[in-house]
$ cat final.txt   # compact mmCIF, C-alpha atoms and all ligand atoms
# COMPACT_ATOMS: atom_id res chain seq x y z
CA MET A 1 -32.50 -40.45 -139.96
CA THR A 2 -35.93 -38.98 -140.70
CA VAL A 3 -38.10 -37.14 -138.25
CA ASP A 4 -40.71 -39.92 -138.58
CA HIS A 5 -38.18 -42.48 -137.57
CA LEU A 6 -37.30 -40.48 -134.44
CA THR A 7 -40.94 -40.13 -133.47
CA GLN A 8 -41.47 -43.88 -133.80
CA GLN A 9 -38.43 -44.58 -131.65
CA SER A 10 -39.69 -42.40 -128.85
CA GLN A 11 -43.13 -44.03 -128.52
CA PRO A 12 -43.78 -44.82 -124.85
CA ASN A 13 -43.24 -48.37 -123.75
CA PRO A 14 -46.70 -50.05 -123.62
CA VAL A 15 -45.64 -52.18 -120.62
CA GLU A 16 -46.97 -50.66 -117.40
CA SER A 17 -44.17 -49.13 -115.34
CA PRO A 18 -43.75 -50.38 -111.74
CA LYS A 19 -45.48 -48.28 -109.07
CA LEU A 20 -42.98 -46.08 -107.22
CA PRO A 21 -43.41 -45.57 -103.48
CA PRO A 22 -45.01 -42.20 -102.69
CA SER A 23 -42.43 -39.48 -102.11
CA ASP A 24 -42.55 -37.70 -98.77
CA LEU A 25 -41.09 -34.59 -100.36
CA LYS A 26 -43.61 -31.76 -99.93
CA PRO A 27 -43.24 -28.84 -102.28
CA TRP A 28 -42.02 -25.65 -100.55
CA ARG A 29 -44.75 -23.00 -100.62
CA GLY A 30 -42.73 -19.91 -99.76
CA LEU A 31 -42.16 -18.46 -96.33
CA ILE A 32 -45.52 -16.75 -95.82
CA GLU A 33 -47.47 -20.00 -96.32
CA THR A 34 -44.95 -22.01 -94.32
CA TYR A 35 -44.83 -19.67 -91.31
CA ARG A 36 -48.31 -18.13 -91.67
CA PRO A 37 -49.33 -18.52 -87.95
CA TYR A 38 -46.29 -16.45 -86.90
CA LEU A 39 -46.72 -13.63 -89.41
CA PRO A 40 -49.04 -10.59 -89.54
CA VAL A 41 -51.11 -11.84 -92.50
CA THR A 42 -54.79 -12.74 -92.77
CA ASP A 43 -56.78 -14.99 -95.12
CA THR A 44 -57.36 -12.00 -97.38
CA THR A 45 -53.74 -10.84 -97.65
CA PRO A 46 -52.66 -11.36 -101.27
CA VAL A 47 -49.46 -13.41 -101.07
CA ILE A 48 -46.84 -12.13 -103.50
CA THR A 49 -44.18 -14.84 -103.49
CA LEU A 50 -41.33 -16.25 -105.53
CA LEU A 51 -41.10 -19.22 -103.14
CA GLU A 52 -38.28 -17.54 -101.20
CA GLY A 53 -36.80 -19.03 -98.02
CA ASN A 54 -35.93 -22.67 -97.24
CA THR A 55 -32.25 -21.92 -97.89
CA PRO A 56 -29.64 -24.49 -96.86
CA LEU A 57 -27.71 -24.51 -93.60
CA ILE A 58 -24.38 -25.86 -94.80
CA PRO A 59 -21.64 -27.26 -92.51
CA VAL A 60 -18.23 -25.68 -93.23
CA PRO A 61 -15.62 -28.15 -91.95
CA TYR A 62 -12.52 -26.21 -93.03
CA ILE A 63 -13.66 -23.11 -91.16
CA SER A 64 -14.65 -25.23 -88.13
CA GLN A 65 -11.11 -26.65 -88.17
CA GLN A 66 -9.61 -23.14 -88.09
CA ILE A 67 -11.31 -22.71 -84.71
CA GLY A 68 -10.89 -26.26 -83.39
CA ARG A 69 -11.96 -27.29 -79.85
CA GLY A 70 -15.00 -29.14 -81.22
CA VAL A 71 -16.67 -25.95 -82.48
CA LYS A 72 -19.13 -26.65 -85.28
CA VAL A 73 -19.72 -23.89 -87.84
CA LEU A 74 -22.55 -23.83 -90.37
CA VAL A 75 -23.49 -21.14 -92.88
CA LYS A 76 -27.05 -20.05 -93.61
CA TYR A 77 -26.67 -19.51 -97.35
CA ASP A 78 -29.35 -16.91 -97.98
CA GLY A 79 -27.72 -16.00 -101.30
CA LEU A 80 -29.83 -18.85 -102.71
CA ASN A 81 -33.04 -16.85 -102.49
CA PRO A 82 -34.86 -15.99 -105.76
CA THR A 83 -33.10 -12.65 -106.32
CA GLY A 84 -29.90 -13.83 -104.64
CA SER A 85 -30.10 -12.27 -101.19
CA PHE A 86 -31.98 -12.46 -97.88
CA LYS A 87 -33.84 -9.27 -98.84
CA ASP A 88 -36.44 -11.50 -100.54
CA ARG A 89 -37.62 -12.68 -97.12
CA GLY A 90 -38.55 -9.16 -96.10
CA MET A 91 -39.81 -8.20 -99.51
CA THR A 92 -42.42 -10.97 -99.88
CA MET A 93 -44.01 -9.59 -96.69
CA ALA A 94 -43.57 -5.88 -97.43
CA ILE A 95 -44.95 -6.17 -100.96
CA SER A 96 -47.84 -8.46 -99.99
CA LYS A 97 -48.89 -5.96 -97.32
CA ALA A 98 -48.42 -3.01 -99.70
CA VAL A 99 -50.74 -4.69 -102.24
CA GLU A 100 -53.21 -5.48 -99.45
CA ASN A 101 -53.20 -1.82 -98.44
CA GLY A 102 -53.86 -0.68 -102.00
CA ALA A 103 -50.42 0.77 -102.80
CA LYS A 104 -49.63 1.47 -106.44
CA ALA A 105 -45.91 2.14 -106.05
CA VAL A 106 -43.06 1.36 -103.68
CA ILE A 107 -39.76 3.13 -103.10
CA CYS A 108 -36.46 2.22 -101.46
CA ALA A 109 -32.93 3.45 -101.05
CA SER A 110 -30.50 0.66 -101.69
CA THR A 111 -26.90 -0.46 -101.84
CA GLY A 112 -28.25 -2.92 -104.45
CA ASN A 113 -29.92 -5.99 -103.01
CA THR A 114 -32.98 -4.21 -101.65
CA SER A 115 -33.53 -2.67 -105.07
CA ALA A 116 -33.29 -6.05 -106.81
CA ALA A 117 -35.75 -7.65 -104.38
CA ALA A 118 -38.12 -4.66 -104.34
CA ALA A 119 -38.15 -4.58 -108.14
CA ALA A 120 -38.86 -8.30 -108.55
CA TYR A 121 -41.64 -8.50 -105.95
CA ALA A 122 -43.22 -5.13 -106.81
CA ARG A 123 -43.45 -6.01 -110.50
CA ARG A 124 -44.90 -9.40 -109.63
CA GLY A 125 -47.47 -7.53 -107.53
CA LYS A 126 -48.14 -5.21 -110.53
CA MET A 127 -46.76 -2.12 -108.83
CA ARG A 128 -44.19 0.48 -109.83
CA ALA A 129 -40.84 0.23 -108.05
CA PHE A 130 -38.66 3.31 -107.57
CA VAL A 131 -35.14 2.71 -106.36
CA ILE A 132 -32.61 5.36 -105.35
CA ILE A 133 -28.99 4.18 -105.39
CA PRO A 134 -25.58 5.74 -104.71
CA ASP A 135 -24.08 6.32 -108.16
CA GLY A 136 -21.05 4.09 -108.76
CA TYR A 137 -21.37 2.05 -105.55
CA VAL A 138 -23.79 -0.69 -106.55
CA ALA A 139 -22.40 -4.06 -107.67
CA LEU A 140 -22.99 -4.84 -111.33
CA GLY A 141 -25.25 -7.87 -110.84
CA LYS A 142 -27.60 -5.94 -108.57
CA LEU A 143 -27.95 -3.04 -110.99
CA ALA A 144 -28.59 -5.49 -113.84
CA GLN A 145 -31.37 -7.11 -111.82
CA ALA A 146 -33.13 -3.88 -110.85
CA LEU A 147 -33.14 -2.72 -114.47
CA LEU A 148 -34.31 -5.99 -115.99
CA TYR A 149 -37.02 -6.58 -113.38
CA GLY A 150 -38.37 -3.20 -114.43
CA ALA A 151 -37.61 -0.83 -111.57
CA GLU A 152 -37.28 2.89 -112.18
CA VAL A 153 -33.68 3.36 -111.09
CA ILE A 154 -32.38 6.76 -110.01
CA ALA A 155 -28.66 7.04 -109.22
CA ILE A 156 -27.79 10.03 -107.01
CA ASP A 157 -24.48 11.76 -106.37
CA GLY A 158 -24.38 10.70 -102.74
CA ASN A 159 -24.12 7.64 -100.53
CA PHE A 160 -26.76 5.28 -99.12
CA ASP A 161 -27.47 7.55 -96.17
CA ASP A 162 -28.25 10.46 -98.54
CA ALA A 163 -30.51 8.20 -100.62
CA PHE A 164 -32.32 7.03 -97.50
CA LYS A 165 -33.12 10.61 -96.45
CA ILE A 166 -34.65 11.23 -99.87
CA VAL A 167 -36.87 8.14 -99.89
CA ARG A 168 -38.16 8.88 -96.38
CA GLY A 169 -39.18 12.32 -97.59
CA MET A 170 -40.76 10.88 -100.74
CA ALA A 171 -42.84 8.38 -98.74
CA GLU A 172 -44.03 11.16 -96.40
CA ASN A 173 -45.08 13.48 -99.21
CA TYR A 174 -46.18 11.29 -102.11
CA PRO A 175 -48.26 8.12 -102.66
CA VAL A 176 -45.36 5.67 -102.52
CA THR A 177 -44.80 2.99 -99.86
CA LEU A 178 -41.35 2.80 -98.27
CA VAL A 179 -39.92 -0.75 -98.32
CA ASN A 180 -36.57 -0.19 -96.59
CA SER A 181 -36.06 -2.13 -93.37
CA VAL A 182 -37.80 0.59 -91.32
CA ASN A 183 -40.95 -0.93 -92.85
CA PRO A 184 -41.98 -3.32 -90.02
CA TYR A 185 -43.14 -6.04 -92.44
CA ARG A 186 -39.60 -6.37 -93.77
CA LEU A 187 -38.32 -7.57 -90.39
CA GLU A 188 -41.36 -9.82 -89.94
CA GLY A 189 -40.43 -11.64 -93.15
CA GLN A 190 -36.71 -11.72 -92.35
CA LYS A 191 -37.24 -13.28 -88.91
CA THR A 192 -38.24 -16.52 -90.69
CA ALA A 193 -34.54 -17.20 -91.33
CA ALA A 194 -34.16 -17.75 -87.56
CA PHE A 195 -37.14 -20.13 -87.64
CA GLU A 196 -35.47 -22.14 -90.40
CA VAL A 197 -32.19 -22.34 -88.46
CA VAL A 198 -34.00 -23.69 -85.38
CA ASP A 199 -36.17 -26.05 -87.46
CA VAL A 200 -33.00 -27.61 -88.93
CA LEU A 201 -30.76 -27.64 -85.82
CA GLY A 202 -33.56 -28.61 -83.43
CA ASN A 203 -32.48 -25.70 -81.22
CA ALA A 204 -30.96 -22.23 -81.46
CA PRO A 205 -27.20 -22.10 -82.12
CA ASP A 206 -24.85 -20.82 -79.39
CA TRP A 207 -23.68 -17.96 -81.60
CA LEU A 208 -25.22 -16.24 -84.61
CA CYS A 209 -22.67 -14.27 -86.65
CA ILE A 210 -24.06 -11.75 -89.11
CA PRO A 211 -22.90 -8.78 -91.21
CA VAL A 212 -24.46 -5.48 -90.12
CA GLY A 213 -25.37 -2.53 -92.35
CA ASN A 214 -28.69 -0.94 -91.45
CA ALA A 215 -29.05 -3.60 -88.73
CA GLY A 216 -32.45 -4.78 -89.92
CA ASN A 217 -31.36 -8.38 -90.34
CA ILE A 218 -29.68 -8.78 -86.95
CA SER A 219 -32.82 -7.33 -85.32
CA ALA A 220 -35.07 -9.62 -87.40
CA TYR A 221 -33.12 -12.78 -86.49
CA TRP A 222 -33.35 -11.83 -82.84
CA MET A 223 -37.14 -11.33 -83.15
CA GLY A 224 -37.39 -14.77 -84.75
CA PHE A 225 -35.32 -16.55 -82.12
CA CYS A 226 -37.25 -14.86 -79.30
CA GLN A 227 -40.61 -15.73 -80.85
CA TYR A 228 -39.63 -19.39 -81.28
CA HIS A 229 -38.22 -19.45 -77.75
CA GLY A 230 -41.52 -18.12 -76.42
CA LEU A 231 -43.32 -20.93 -78.23
CA GLY A 232 -40.97 -23.55 -76.76
CA LYS A 233 -39.43 -24.41 -80.16
CA CYS A 234 -35.95 -23.84 -78.73
CA ASP A 235 -34.77 -23.83 -75.13
CA ARG A 236 -31.98 -21.29 -75.47
CA LEU A 237 -31.18 -18.06 -77.32
CA PRO A 238 -28.01 -17.33 -79.26
CA LYS A 239 -25.41 -14.68 -78.59
CA MET A 240 -25.89 -12.24 -81.49
CA MET A 241 -22.52 -11.29 -82.96
CA GLY A 242 -22.74 -8.39 -85.43
CA PHE A 243 -19.85 -7.55 -87.75
CA GLN A 244 -19.33 -4.26 -89.54
CA ALA A 245 -16.72 -3.25 -92.06
CA ALA A 246 -13.98 -1.31 -90.26
CA GLY A 247 -14.49 1.73 -92.52
CA ALA A 248 -18.26 1.74 -91.94
CA ALA A 249 -18.61 0.80 -88.29
CA PRO A 250 -20.94 3.21 -86.43
CA PHE A 251 -21.72 0.53 -83.81
CA LEU A 252 -18.02 0.49 -82.90
CA THR A 253 -17.54 4.24 -82.76
CA GLY A 254 -20.95 4.73 -81.11
CA GLN A 255 -21.98 7.43 -83.56
CA PRO A 256 -22.83 7.81 -87.27
CA VAL A 257 -19.88 7.64 -89.68
CA PRO A 258 -20.13 10.55 -92.16
CA HIS A 259 -18.12 8.96 -95.00
CA PRO A 260 -18.39 5.16 -94.76
CA GLU A 261 -15.90 3.25 -96.91
CA THR A 262 -15.56 -0.46 -97.66
CA LEU A 263 -15.44 -2.68 -100.73
CA ALA A 264 -18.32 -4.61 -99.13
CA THR A 265 -20.81 -2.16 -100.67
CA ALA A 266 -23.87 -3.91 -99.18
CA ILE A 267 -22.77 -2.77 -95.71
CA ARG A 268 -21.31 0.60 -96.72
CA ILE A 269 -23.65 2.41 -94.33
CA GLY A 270 -22.72 5.17 -91.88
CA ASN A 271 -26.06 5.88 -90.19
CA PRO A 272 -27.97 2.61 -89.64
CA ALA A 273 -31.76 2.87 -89.91
CA ASN A 274 -32.32 0.34 -87.08
CA TRP A 275 -29.95 1.94 -84.58
CA ASN A 276 -31.96 1.33 -81.38
CA LYS A 277 -33.14 -2.16 -82.29
CA ALA A 278 -29.55 -3.20 -82.94
CA TRP A 279 -28.37 -2.07 -79.50
CA GLU A 280 -31.35 -3.72 -77.82
CA THR A 281 -30.46 -6.96 -79.61
CA GLN A 282 -26.84 -6.76 -78.54
CA LYS A 283 -27.75 -6.15 -74.90
CA ALA A 284 -30.56 -8.71 -74.64
CA SER A 285 -28.50 -11.47 -76.30
CA HIS A 286 -25.24 -10.64 -74.46
CA GLY A 287 -23.73 -10.31 -77.92
CA ALA A 288 -21.24 -7.84 -79.36
CA PHE A 289 -20.38 -5.71 -82.35
CA ASN A 290 -16.96 -6.04 -83.92
CA GLY A 291 -15.22 -4.62 -86.98
CA VAL A 292 -13.43 -6.43 -89.80
CA THR A 293 -11.08 -4.86 -92.32
CA ASP A 294 -11.57 -5.22 -96.06
CA GLU A 295 -8.48 -7.50 -96.13
CA GLU A 296 -10.07 -9.78 -93.52
CA ILE A 297 -13.34 -9.78 -95.47
CA LEU A 298 -11.54 -10.75 -98.67
CA ALA A 299 -9.57 -13.52 -96.95
CA ALA A 300 -12.82 -15.08 -95.66
CA TYR A 301 -14.47 -14.55 -99.09
CA ARG A 302 -11.68 -16.47 -100.80
CA MET A 303 -11.62 -19.14 -98.09
CA LEU A 304 -15.37 -19.80 -98.35
CA ALA A 305 -15.10 -20.23 -102.12
CA SER A 306 -11.86 -22.17 -102.44
CA GLN A 307 -12.09 -24.35 -99.30
CA GLU A 308 -15.84 -24.83 -98.91
CA GLY A 309 -17.23 -24.32 -102.43
CA ILE A 310 -19.46 -21.45 -101.33
CA PHE A 311 -19.53 -18.21 -103.31
CA CYS A 312 -20.98 -15.30 -101.35
CA GLU A 313 -20.68 -11.58 -101.82
CA PRO A 314 -18.01 -9.64 -99.90
CA ALA A 315 -20.44 -8.15 -97.35
CA SER A 316 -21.63 -11.65 -96.47
CA ALA A 317 -18.09 -12.88 -95.84
CA ALA A 318 -17.88 -10.32 -93.00
CA SER A 319 -19.72 -12.82 -90.78
CA VAL A 320 -17.06 -15.50 -91.29
CA ALA A 321 -14.20 -12.99 -91.20
CA GLY A 322 -15.57 -11.74 -87.88
CA LEU A 323 -15.96 -15.21 -86.42
CA LEU A 324 -12.35 -16.06 -87.31
CA LYS A 325 -11.20 -12.79 -85.78
CA VAL A 326 -12.83 -13.49 -82.40
CA LYS A 327 -12.48 -17.28 -82.56
CA ASP A 328 -10.74 -17.49 -79.16
CA GLN A 329 -13.94 -16.25 -77.52
CA VAL A 330 -16.07 -19.09 -78.95
CA PRO A 331 -16.90 -21.67 -76.24
CA SER A 332 -15.58 -25.19 -76.90
CA GLU A 333 -18.08 -27.54 -78.59
CA ALA A 334 -20.29 -24.55 -79.53
CA THR A 335 -22.56 -24.52 -82.58
CA VAL A 336 -22.09 -21.33 -84.59
CA VAL A 337 -24.21 -20.17 -87.53
CA CYS A 338 -22.77 -17.53 -89.87
CA VAL A 339 -25.27 -15.79 -92.13
CA LEU A 340 -24.22 -15.50 -95.78
CA THR A 341 -26.57 -12.74 -96.83
CA GLY A 342 -25.97 -12.59 -100.59
CA ASN A 343 -24.78 -14.57 -103.61
CA GLY A 344 -21.25 -14.09 -104.96
CA LEU A 345 -22.57 -13.70 -108.52
CA LYS A 346 -23.93 -10.31 -107.50
CA ASP A 347 -20.44 -8.83 -107.66
CA PRO A 348 -18.35 -10.60 -110.33
CA ASP A 349 -15.95 -7.64 -110.61
CA CYS A 350 -14.87 -8.14 -107.01
CA ALA A 351 -14.29 -11.87 -107.53
CA ILE A 352 -12.10 -11.38 -110.58
CA LYS A 353 -10.18 -8.49 -109.09
CA HIS A 354 -9.47 -10.17 -105.75
CA SER A 355 -9.00 -13.80 -106.70
CA ASP A 356 -5.42 -14.94 -106.19
CA ASN A 357 -6.03 -17.49 -108.92
CA GLN A 358 -4.64 -16.69 -112.38
CA LEU A 359 -6.52 -17.19 -115.64
CA LYS A 360 -4.26 -19.08 -118.06
CA SER A 361 -5.12 -17.38 -121.32
CA GLY A 362 -3.79 -17.19 -124.89
CA ILE A 363 -3.09 -20.94 -124.98
CA LYS A 364 -2.75 -22.65 -128.37
CA ALA A 365 -5.74 -24.92 -129.10
CA ASP A 366 -4.01 -28.32 -129.17
CA LEU A 367 -3.77 -31.23 -126.76
CA ALA A 368 -0.01 -31.20 -126.38
CA THR A 369 0.09 -27.52 -125.45
CA VAL A 370 -2.79 -27.87 -122.96
CA ALA A 371 -1.17 -30.97 -121.41
CA GLN A 372 2.04 -28.97 -120.98
CA VAL A 373 0.20 -26.05 -119.37
CA MET A 374 -1.49 -28.55 -117.01
CA GLY A 375 1.90 -29.91 -116.03
CA PHE A 376 1.36 -33.40 -117.44
CA ALA A 377 3.98 -33.15 -120.17
C1 LIG B 1 -28.63 -5.67 -96.91
C2 LIG B 1 -27.43 -6.51 -96.80
C3 LIG B 1 -26.68 -6.62 -95.61
C4 LIG B 1 -26.97 -5.78 -94.41
O1 LIG B 1 -28.20 -6.08 -93.79
P1 LIG B 1 -28.83 -5.02 -92.79
O2 LIG B 1 -30.18 -5.55 -92.49
O3 LIG B 1 -28.88 -3.72 -93.54
O4 LIG B 1 -27.94 -4.93 -91.61
C5 LIG B 1 -25.63 -7.49 -95.57
N1 LIG B 1 -25.28 -8.22 -96.65
C6 LIG B 1 -25.96 -8.14 -97.80
C7 LIG B 1 -25.53 -8.98 -98.94
C8 LIG B 1 -27.06 -7.29 -97.92
O5 LIG B 1 -27.71 -7.21 -99.08
$ encode --input "final.txt" --output "structure tokens"
Amino acid sequence: MTVDHLTQQSQPNPVESPKLPPSDLKPWRGLIETYRPYLPVTDTTPVITLLEGNTPLIPVPYISQQIGRGVKVLVKYDGLNPTGSFKDRGMTMAISKAVENGAKAVICASTGNTSAAAAAYARRGKMRAFVIIPDGYVALGKLAQALLYGAEVIAIDGNFDDAFKIVRGMAENYPVTLVNSVNPYRLEGQKTAAFEVVDVLGNAPDWLCIPVGNAGNISAYWMGFCQYHGLGKCDRLPKMMGFQAAGAAPFLTGQPVPHPETLATAIRIGNPANWNKAWETQKASHGAFNGVTDEEILAAYRMLASQEGIFCEPASAASVAGLLKVKDQVPSEATVVCVLTGNGLKDPDCAIKHSDNQLKSGIKADLATVAQVMGFA
């Protein structure tokens, strides 16, 4: 067959195609455009966006069944944001405001996802991005992202809390803008996740379960629910249920943890940056903080993937692990939203290491052998 022949074959049909009805699907314009009236932006704020937000709220029937009593559980899968975590929500705001204020560089300390988001949005805003990470404790996917997006990555011999002290000092003394969650614009962007939950459910859920590290996200969700409640968009407020890894649980011990340990590296934080906001959220919402062990986190991580088809990172699974742990406290018929903060592809090492599924390898390449391995022969 010649190339000419192919070209002739693919000529468009001269017959006029039937008119399709107009689609009512409106393109998503990113969270700043969508929620502009509720955000601290003006007509002159340059919007740096990757069309983040609008992530799905997915029912999880197997997990609902584990609780029973008519409880309905849904997950807010924020791992489907452009860089694979909810950090994009805060970063579109923080970077847009940094550009508006004339910044040339941003800096953050990160367990990985903040660095990936900061790098992507800063580079899109034509700024330098400096990220300080704890050497050896950042999941592979996150490190790959920060490097490829073009961040200047500095790995220190210390943990997140050490890195955070350094970046605070850098932002005080040098011309770099801090984009950790102490930057108020981060929480402004992140609160839009609560708006989306209410917009989909038609009201606030009874419970909101969420993993807690620096406690920026739990505080941001609460801000969002309260703002929507004030506007009459929902007629109730959820109980905010925060879950920390047992080895990194300062909200359970009531004081900073000097050497936090957990395989859920995104919440391996001993001295949360949003300490007071987190406690205010817990009190105002009549919520609670609870701890989950790494084993409980992994069980929920495997359950989400193998029973629901949802691959999140270990830190994210803390919300579901926590819900299952305190399931007897959930009111009958309640609607519960668990936040899945990051995508499972961020940490492939963890998935392979902790899957109880076996790779069948070294199999001869013929049908009979494969059929036998599959149990058909
Ligand atoms: C950042 C992060 C968290 C913790 O959020 P905080 O706002 O620090 O409490 C949880 N899970 C993932 C995947 C994260 O990246």
$ residues_around --input "final.txt" --residues "segment 318-334 of chain A" --least-positions-apart "6" --cutoff "7 Å" --atoms "only C-alpha atoms" --output "MDAnalysis selection string"
chainID A and resid 67 69:72 206 209:211 243 292 296:297 300
$ closest_residue --input "final.txt" --among "A:Met223, A:Cys234, A:Val176, A:Ala117" --to "ligand LIG 1 (chain B)" --atoms "all atoms listed in the file"
A:Ala117
$ residues_near_ligand --input "final.txt" --ligand "ligand LIG 1 (chain B)" --cutoff "7 Å" --atoms "only C-alpha atoms and all ligand atoms" --output "PyMOL selection string"
chain A and resi 85-87+112-114+181+211-218+266-267+313+315-316+341-342
$ atom_distance --input "final.txt" --atom1 "atom CA of Arg124 of chain A" --atom2 "atom CA of Pro175 of chain A"
19.2 Å
$ atom_distance --input "final.txt" --atom1 "atom CA of Ser285 of chain A" --atom2 "atom CA of Gly202 of chain A"
19.2 Å
$ atom_distance --input "final.txt" --atom1 "atom CA of Ala317 of chain A" --atom2 "atom CA of Tyr301 of chain A"
5.1 Å
$ residues_around --input "final.txt" --residues "Ala118 of chain A" --least-positions-apart "6" --cutoff "9 Å" --atoms "all atoms listed in the file" --output "PDB file with C-alpha atoms, in the coordinates of the input"
ATOM      1  CA  LYS A  87     -33.840  -9.270 -98.840  1.00  0.00           C
ATOM      2  CA  ASP A  88     -36.440 -11.500-100.540  1.00  0.00           C
ATOM      3  CA  MET A  91     -39.810  -8.200 -99.510  1.00  0.00           C
ATOM      4  CA  THR A  92     -42.420 -10.970 -99.880  1.00  0.00           C
ATOM      5  CA  ALA A  94     -43.570  -5.880 -97.430  1.00  0.00           C
ATOM      6  CA  ILE A  95     -44.950  -6.170-100.960  1.00  0.00           C
ATOM      7  CA  VAL A 106     -43.060   1.360-103.680  1.00  0.00           C
ATOM      8  CA  ILE A 107     -39.760   3.130-103.100  1.00  0.00           C
ATOM      9  CA  CYS A 108     -36.460   2.220-101.460  1.00  0.00           C
ATOM     10  CA  ALA A 129     -40.840   0.230-108.050  1.00  0.00           C
ATOM     11  CA  PHE A 130     -38.660   3.310-107.570  1.00  0.00           C
ATOM     12  CA  VAL A 131     -35.140   2.710-106.360  1.00  0.00           C
ATOM     13  CA  ALA A 146     -33.130  -3.880-110.850  1.00  0.00           C
ATOM     14  CA  ALA A 151     -37.610  -0.830-111.570  1.00  0.00           C
ATOM     15  CA  VAL A 179     -39.920  -0.750 -98.320  1.00  0.00           C
TER      16      VAL A 179
END
$ closest_residue --input "final.txt" --among "A:Ala139, A:Val47, A:Ala368, A:Val60" --to "Ala305 of chain A" --atoms "all atoms listed in the file"
A:Val60
$ residues_around --input "final.txt" --residues "Tyr228 of chain A" --least-positions-apart "2" --cutoff "12 Å" --atoms "all atoms listed in the file" --output "PDB file with C-alpha atoms, keeping the file's coordinate frame"
ATOM      1  CA  TYR A  35     -44.830 -19.670 -91.310  1.00  0.00           C
ATOM      2  CA  PRO A  37     -49.330 -18.520 -87.950  1.00  0.00           C
ATOM      3  CA  TYR A  38     -46.290 -16.450 -86.900  1.00  0.00           C
ATOM      4  CA  LYS A 191     -37.240 -13.280 -88.910  1.00  0.00           C
ATOM      5  CA  THR A 192     -38.240 -16.520 -90.690  1.00  0.00           C
ATOM      6  CA  ALA A 193     -34.540 -17.200 -91.330  1.00  0.00           C
ATOM      7  CA  ALA A 194     -34.160 -17.750 -87.560  1.00  0.00           C
ATOM      8  CA  PHE A 195     -37.140 -20.130 -87.640  1.00  0.00           C
ATOM      9  CA  GLU A 196     -35.470 -22.140 -90.400  1.00  0.00           C
ATOM     10  CA  VAL A 197     -32.190 -22.340 -88.460  1.00  0.00           C
ATOM     11  CA  VAL A 198     -34.000 -23.690 -85.380  1.00  0.00           C
ATOM     12  CA  ASP A 199     -36.170 -26.050 -87.460  1.00  0.00           C
ATOM     13  CA  GLY A 202     -33.560 -28.610 -83.430  1.00  0.00           C
ATOM     14  CA  ASN A 203     -32.480 -25.700 -81.220  1.00  0.00           C
ATOM     15  CA  ALA A 204     -30.960 -22.230 -81.460  1.00  0.00           C
ATOM     16  CA  TYR A 221     -33.120 -12.780 -86.490  1.00  0.00           C
ATOM     17  CA  TRP A 222     -33.350 -11.830 -82.840  1.00  0.00           C
ATOM     18  CA  MET A 223     -37.140 -11.330 -83.150  1.00  0.00           C
ATOM     19  CA  GLY A 224     -37.390 -14.770 -84.750  1.00  0.00           C
ATOM     20  CA  PHE A 225     -35.320 -16.550 -82.120  1.00  0.00           C
ATOM     21  CA  CYS A 226     -37.250 -14.860 -79.300  1.00  0.00           C
ATOM     22  CA  GLY A 230     -41.520 -18.120 -76.420  1.00  0.00           C
ATOM     23  CA  LEU A 231     -43.320 -20.930 -78.230  1.00  0.00           C
ATOM     24  CA  GLY A 232     -40.970 -23.550 -76.760  1.00  0.00           C
ATOM     25  CA  LYS A 233     -39.430 -24.410 -80.160  1.00  0.00           C
ATOM     26  CA  CYS A 234     -35.950 -23.840 -78.730  1.00  0.00           C
ATOM     27  CA  ASP A 235     -34.770 -23.830 -75.130  1.00  0.00           C
ATOM     28  CA  ARG A 236     -31.980 -21.290 -75.470  1.00  0.00           C
ATOM     29  CA  LEU A 237     -31.180 -18.060 -77.320  1.00  0.00           C
ATOM     30  CA  PRO A 238     -28.010 -17.330 -79.260  1.00  0.00           C
TER      31      PRO A 238
END
$ closest_residue --input "final.txt" --among "A:Thr262, A:Asn54, A:Asn173, A:Gln65" --to "Tyr137 of chain A" --atoms "all atoms listed in the file"
A:Thr262
$ residues_around --input "final.txt" --residues "Lys126 of chain A" --least-positions-apart "2" --cutoff "10 Å" --atoms "all atoms listed in the file" --output "VMD selection string"
chain A and resid 48 99 104 to 105 120 to 124 128 to 129
$ residues_around --input "final.txt" --residues "segment 156-163 of chain A" --least-positions-apart "6" --cutoff "9 Å" --atoms "all atoms listed in the file" --output "list in words"
Cys108, Ala109, Ser110, Thr111, Ile132, Ile133, Pro134, Asp135, Gly136, Tyr137, Pro258, His259, Pro260, Arg268, Ile269, Gly270, Asn271, Pro272 and Ala273 of chain A
$ closest_residue --input "final.txt" --among "A:His354, A:Lys142, A:Gly309, A:Gln190" --to "Pro61 of chain A" --atoms "all atoms listed in the file"
A:Gly309
$ residues_near_point --input "final.txt" --point "(-25.4, -22.3, -83.0)" --cutoff "6 Å" --atoms "all atoms listed in the file" --output "PyMOL selection string"
chain A and resi 204-207+335-337
$ closest_residue --input "final.txt" --among "A:Thr34, A:Ser306, A:Thr55, A:Asn357" --to "Asn81 of chain A" --atoms "all atoms listed in the file"
A:Thr55
$ axis_aligned_box --input "final.txt" --around "segment 351-366 of chain A" --padding-each-side "8 Å" --output "lines of an AutoDock Vina configuration file"
center_x = -8.5
center_y = -18.4
center_z = -117.5
size_x = 27.5
size_y = 35.8
size_z = 39.4
